[in-house]
>>> print(open('run-v1.pdb').read())   # PDB, C-alpha atoms
ATOM      1  CA  MET A   1       0.000   0.000   0.000
ATOM      2  CA  GLY A   2       1.107   3.529  -0.728
ATOM      3  CA  GLN A   3       1.295   6.394   1.709
ATOM      4  CA  PRO A   4      -1.731   8.607   2.377
ATOM      5  CA  ARG A   5      -1.555  11.275  -0.304
ATOM      6  CA  VAL A   6      -3.431  12.894  -3.147
ATOM      7  CA  VAL A   7      -2.507  11.512  -6.561
ATOM      8  CA  VAL A   8      -3.053  13.346  -9.833
ATOM      9  CA  GLY A   9      -2.598  11.977 -13.338
ATOM     10  CA  ILE A  10      -1.557  14.434 -16.017
ATOM     11  CA  ASP A  11      -0.911  14.096 -19.731
ATOM     12  CA  GLY A  12      -0.118  17.642 -20.831
ATOM     13  CA  SER A  13      -3.668  18.517 -21.835
ATOM     14  CA  ARG A  14      -5.445  21.640 -20.606
ATOM     15  CA  THR A  15      -7.830  19.451 -18.669
ATOM     16  CA  SER A  16      -5.010  17.643 -16.900
ATOM     17  CA  TYR A  17      -3.467  20.943 -15.780
ATOM     18  CA  LYS A  18      -6.896  21.925 -14.414
ATOM     19  CA  ALA A  19      -6.878  18.600 -12.569
ATOM     20  CA  LEU A  20      -3.434  19.496 -11.211
ATOM     21  CA  ASP A  21      -4.766  22.802  -9.861
ATOM     22  CA  VAL A  22      -7.636  20.991  -8.133
ATOM     23  CA  ALA A  23      -5.285  18.320  -6.768
ATOM     24  CA  ILE A  24      -3.018  21.016  -5.300
ATOM     25  CA  GLU A  25      -5.994  22.525  -3.497
ATOM     26  CA  GLU A  26      -7.163  19.119  -2.255
ATOM     27  CA  ALA A  27      -3.682  18.231  -0.969
ATOM     28  CA  THR A  28      -3.413  21.616   0.720
ATOM     29  CA  LEU A  29      -6.813  21.296   2.412
ATOM     30  CA  ARG A  30      -5.998  17.786   3.618
ATOM     31  CA  GLU A  31      -2.412  18.715   4.573
ATOM     32  CA  MET A  32      -1.160  15.749   2.581
ATOM     33  CA  PRO A  33       1.570  15.288   0.005
ATOM     34  CA  LEU A  34       0.733  15.424  -3.684
ATOM     35  CA  HIS A  35       2.018  12.814  -6.102
ATOM     36  CA  ILE A  36       1.994  13.707  -9.811
ATOM     37  CA  VAL A  37       1.962  10.840 -12.306
ATOM     38  CA  VAL A  38       2.677  11.082 -16.032
ATOM     39  CA  ALA A  39       2.115   7.722 -17.733
ATOM     40  CA  TRP A  40       2.702   7.029 -21.390
ATOM     41  CA  GLN A  41       2.683   3.855 -23.411
ATOM     42  CA  LEU A  42       4.019   2.906 -26.811
ATOM     43  CA  VAL A  43       1.357   1.463 -29.071
ATOM     44  CA  SER A  44       3.808  -1.174 -30.263
ATOM     45  CA  PRO A  45       6.989  -2.336 -28.517
ATOM     46  CA  ALA A  46       8.578  -2.628 -31.970
ATOM     47  CA  ILE A  47       8.665   1.168 -32.102
ATOM     48  CA  ALA A  48      11.391   1.171 -29.452
ATOM     49  CA  THR A  49      13.760  -0.882 -31.588
ATOM     50  CA  GLU A  50      12.738   0.397 -35.002
ATOM     51  CA  THR A  51      12.599   4.124 -34.232
ATOM     52  CA  PRO A  52      14.571   4.957 -31.096
ATOM     53  CA  VAL A  53      14.600   8.657 -32.022
ATOM     54  CA  VAL A  54      10.805   8.705 -31.866
ATOM     55  CA  VAL A  55      10.895   7.053 -28.448
ATOM     56  CA  GLU A  56      13.454   9.600 -27.229
ATOM     57  CA  HIS A  57      11.120  12.376 -28.390
ATOM     58  CA  ILE A  58       8.147  10.793 -26.596
ATOM     59  CA  VAL A  59      10.124  10.371 -23.379
ATOM     60  CA  ARG A  60      11.432  13.951 -23.500
ATOM     61  CA  HIS A  61       7.925  15.288 -24.191
ATOM     62  CA  ASN A  62       6.578  13.494 -21.114
ATOM     63  CA  GLU A  63       9.545  14.610 -19.001
ATOM     64  CA  GLN A  64       8.685  18.184 -19.965
ATOM     65  CA  ILE A  65       5.070  17.677 -18.891
ATOM     66  CA  LEU A  66       6.221  16.487 -15.470
ATOM     67  CA  GLU A  67       8.817  19.271 -15.183
ATOM     68  CA  ARG A  68       6.187  21.888 -16.018
ATOM     69  CA  ALA A  69       3.846  20.508 -13.359
ATOM     70  CA  LEU A  70       6.581  20.491 -10.705
ATOM     71  CA  ASP A  71       7.657  23.998 -11.733
ATOM     72  CA  MET A  72       4.065  25.205 -11.367
ATOM     73  CA  LEU A  73       4.088  23.860  -7.825
ATOM     74  CA  ASP A  74       7.456  25.398  -6.994
ATOM     75  CA  VAL A  75       6.419  28.825  -8.233
ATOM     76  CA  CYS A  76       2.976  29.033  -6.660
ATOM     77  CA  HIS A  77       2.588  26.414  -3.949
ATOM     78  CA  ALA A  78       5.980  25.293  -2.598
ATOM     79  CA  ASP A  79       5.163  26.617   0.855
ATOM     80  CA  ARG A  80       1.746  24.915   0.951
ATOM     81  CA  VAL A  81       2.214  21.392  -0.394
ATOM     82  CA  THR A  82       4.941  18.782  -0.651
ATOM     83  CA  ALA A  83       5.035  17.164  -4.071
ATOM     84  CA  SER A  84       6.672  14.267  -5.821
ATOM     85  CA  GLY A  85       6.544  13.233  -9.451
ATOM     86  CA  GLU A  86       6.717  10.021 -11.386
ATOM     87  CA  LEU A  87       7.189   9.360 -15.099
ATOM     88  CA  VAL A  88       6.077   5.853 -16.058
ATOM     89  CA  ASN A  89       6.272   4.003 -19.340
ATOM     90  CA  GLY A  90       3.132   1.948 -18.908
ATOM     91  CA  ASP A  91      -0.587   1.785 -19.346
ATOM     92  CA  PRO A  92      -2.059   4.954 -17.800
ATOM     93  CA  VAL A  93      -4.950   3.124 -16.126
ATOM     94  CA  SER A  94      -2.762   0.451 -14.524
ATOM     95  CA  THR A  95      -0.141   3.005 -13.546
ATOM     96  CA  LEU A  96      -2.666   5.307 -11.884
ATOM     97  CA  LEU A  97      -4.411   2.414 -10.140
ATOM     98  CA  THR A  98      -1.084   1.376  -8.624
ATOM     99  CA  ALA A  99      -0.212   4.950  -7.641
ATOM    100  CA  ALA A 100      -3.634   5.391  -6.021
ATOM    101  CA  GLU A 101      -3.243   2.426  -3.660
ATOM    102  CA  GLY A 102      -3.439   3.783  -0.119
ATOM    103  CA  SER A 103      -4.134   7.301  -1.366
ATOM    104  CA  VAL A 104      -6.980   9.423  -0.101
ATOM    105  CA  MET A 105      -7.940  10.654  -3.561
ATOM    106  CA  LEU A 106      -7.114  10.315  -7.244
ATOM    107  CA  VAL A 107      -7.645  13.438  -9.351
ATOM    108  CA  ILE A 108      -7.869  13.235 -13.135
ATOM    109  CA  GLY A 109      -9.110  15.274 -16.044
ATOM    110  CA  SER A 110     -12.309  14.171 -17.723
ATOM    111  CA  SER A 111     -11.031  13.681 -21.235
ATOM    112  CA  GLY A 112      -7.267  13.982 -21.563
ATOM    113  CA  THR A 113      -5.881  14.691 -25.001
ATOM    114  CA  SER A 114      -8.988  13.840 -26.997
ATOM    115  CA  ASN A 115     -10.598  16.681 -28.914
ATOM    116  CA  ARG A 116     -14.158  15.643 -28.232
ATOM    117  CA  PRO A 117     -16.550  18.283 -26.993
ATOM    118  CA  GLU A 118     -17.585  18.353 -23.330
ATOM    119  CA  PRO A 119     -19.277  16.764 -21.558
ATOM    120  CA  TYR A 120     -17.230  13.690 -22.290
ATOM    121  CA  LEU A 121     -15.650  11.104 -20.041
ATOM    122  CA  GLY A 122     -12.574   9.628 -21.687
ATOM    123  CA  SER A 123     -11.702   5.958 -21.556
ATOM    124  CA  THR A 124      -8.974   6.400 -18.926
ATOM    125  CA  ALA A 125     -11.256   8.429 -16.647
ATOM    126  CA  ARG A 126     -14.088   5.941 -17.130
ATOM    127  CA  GLU A 127     -11.883   2.980 -16.168
ATOM    128  CA  LEU A 128     -10.444   4.758 -13.139
ATOM    129  CA  VAL A 129     -13.857   5.804 -11.816
ATOM    130  CA  HIS A 130     -14.918   2.156 -11.821
ATOM    131  CA  ARG A 131     -11.709   0.536 -10.587
ATOM    132  CA  ALA A 132      -9.786   2.944  -8.360
ATOM    133  CA  PRO A 133      -9.027   1.880  -4.778
ATOM    134  CA  CYS A 134      -9.892   5.380  -3.503
ATOM    135  CA  PRO A 135     -12.305   8.196  -4.337
ATOM    136  CA  VAL A 136     -11.795   9.704  -7.804
ATOM    137  CA  LEU A 137     -12.330  13.374  -8.538
ATOM    138  CA  VAL A 138     -12.888  13.941 -12.256
ATOM    139  CA  VAL A 139     -12.224  17.533 -13.318
ATOM    140  CA  PRO A 140     -14.131  18.707 -16.402
ATOM    141  CA  ALA A 141     -12.534  20.805 -19.115
TER     142      ALA A 141
END
>>> encode(input="run-v1.pdb", output="structure tokens")
Amino acid sequence: MGQPRVVVGIDGSRTSYKALDVAIEEATLREMPLHIVVAWQLVSPAIATETPVVVEHIVRHNEQILERALDMLDVCHADRVTASGELVNGDPVSTLLTAAEGSVMLVIGSSGTSNRPEPYLGSTARELVHRAPCPVLVVPA
């Protein structure tokens, strides 16, 4: 089991940064640490061996998402909340389910990087709402 904390999943979308803002407030109110998770997954493992430059680009892109989130915390909330970050090459649902074990709350955006109009609950959000081991707060766009 993980430590009591608020977990937020982000993917670089506007909605995920809104979820980050909400997660910061929730962690602050609860006086708990915040854990930021960026999970990404290659569609095909063959991509890693066939196009390593593409994989490097994907990894760097996701590192930048996590760095931006941690920078946002440092600039605005460093005195209010303790944060950690995790970059995981894995299925976002499985990764977030694992990160949420023992947590008091999982915060996610409603639709991630899809361009569908609101209201819309993306596949990751839908899975997490049904399977998470803690309460899930879904933040709309």
>>> resolve_selection(input="run-v1.pdb", expression="the PyMOL selection byres ((chain A and resi 83-97) around 6)", output="PyMOL selection string")
chain A and resi 33-41+82+98-100+124+132
>>> closest_residue(input="run-v1.pdb", among="A:Arg80, A:Arg131, A:Arg68, A:Arg30", to="Val6 of chain A", atoms="only C-alpha atoms")
A:Arg30
>>> closest_residue(input="run-v1.pdb", among="A:Leu106, A:Ala23, A:Leu128, A:Cys134", to="Ala69 of chain A", atoms="all atoms listed in the file")
A:Ala23
>>> resolve_selection(input="run-v1.pdb", expression="the PyMOL selection byres ((chain A and resi 20) around 10)", output="list in words")
Val7, Val8, Gly9, Ile10, Arg14, Thr15, Ser16, Tyr17, Lys18, Ala19, Asp21, Val22, Ala23, Ile24, Glu25, Glu26, Leu34, Ile36, Ala69, Met72, Leu73, Val107, Ile108, Gly109 and Val139 of chain A
>>> atom_distance(input="run-v1.pdb", atom1="atom CA of Leu121 of chain A", atom2="atom CA of Val136 of chain A")
12.9 Å
>>> atom_distance(input="run-v1.pdb", atom1="atom CA of His130 of chain A", atom2="atom CA of Ser13 of chain A")
22.2 Å
>>> decode(input="run-v1.pdb", residues="segment 30-42 of chain A", atoms="N, CA and C atoms", output="PDB file, in the first residue's frame")
ATOM      1  N   ARG A  30      -6.150  19.001   2.823  1.00  0.00           N
ATOM      2  CA  ARG A  30      -5.998  17.786   3.618  1.00  0.00           C
ATOM      3  C   ARG A  30      -4.641  17.726   4.334  1.00  0.00           C
ATOM      4  N   GLU A  31      -3.773  18.694   4.030  1.00  0.00           N
ATOM      5  CA  GLU A  31      -2.412  18.715   4.573  1.00  0.00           C
ATOM      6  C   GLU A  31      -1.705  17.398   4.298  1.00  0.00           C
ATOM      7  N   MET A  32      -1.772  16.999   3.030  1.00  0.00           N
ATOM      8  CA  MET A  32      -1.160  15.749   2.581  1.00  0.00           C
ATOM      9  C   MET A  32      -0.251  16.014   1.398  1.00  0.00           C
ATOM     10  N   PRO A  33       0.717  15.127   1.184  1.00  0.00           N
ATOM     11  CA  PRO A  33       1.570  15.288   0.005  1.00  0.00           C
ATOM     12  C   PRO A  33       0.792  15.035  -1.282  1.00  0.00           C
ATOM     13  N   LEU A  34       1.308  15.595  -2.351  1.00  0.00           N
ATOM     14  CA  LEU A  34       0.733  15.424  -3.684  1.00  0.00           C
ATOM     15  C   LEU A  34       1.706  14.619  -4.522  1.00  0.00           C
ATOM     16  N   HIS A  35       1.189  13.639  -5.216  1.00  0.00           N
ATOM     17  CA  HIS A  35       2.018  12.814  -6.102  1.00  0.00           C
ATOM     18  C   HIS A  35       1.491  12.976  -7.527  1.00  0.00           C
ATOM     19  N   ILE A  36       2.354  13.455  -8.416  1.00  0.00           N
ATOM     20  CA  ILE A  36       1.994  13.707  -9.811  1.00  0.00           C
ATOM     21  C   ILE A  36       2.498  12.548 -10.658  1.00  0.00           C
ATOM     22  N   VAL A  37       1.606  11.980 -11.470  1.00  0.00           N
ATOM     23  CA  VAL A  37       1.962  10.840 -12.306  1.00  0.00           C
ATOM     24  C   VAL A  37       1.742  11.191 -13.778  1.00  0.00           C
ATOM     25  N   VAL A  38       2.779  10.967 -14.576  1.00  0.00           N
ATOM     26  CA  VAL A  38       2.677  11.082 -16.032  1.00  0.00           C
ATOM     27  C   VAL A  38       2.961   9.688 -16.582  1.00  0.00           C
ATOM     28  N   ALA A  39       1.962   9.071 -17.181  1.00  0.00           N
ATOM     29  CA  ALA A  39       2.115   7.722 -17.733  1.00  0.00           C
ATOM     30  C   ALA A  39       1.936   7.779 -19.241  1.00  0.00           C
ATOM     31  N   TRP A  40       2.787   7.095 -19.933  1.00  0.00           N
ATOM     32  CA  TRP A  40       2.702   7.029 -21.390  1.00  0.00           C
ATOM     33  C   TRP A  40       3.018   5.601 -21.808  1.00  0.00           C
ATOM     34  N   GLN A  41       2.495   5.227 -22.947  1.00  0.00           N
ATOM     35  CA  GLN A  41       2.683   3.855 -23.411  1.00  0.00           C
ATOM     36  C   GLN A  41       2.851   3.833 -24.917  1.00  0.00           C
ATOM     37  N   LEU A  42       3.846   3.083 -25.371  1.00  0.00           N
ATOM     38  CA  LEU A  42       4.019   2.906 -26.811  1.00  0.00           C
ATOM     39  C   LEU A  42       2.924   1.975 -27.327  1.00  0.00           C
TER      40      LEU A  42
END
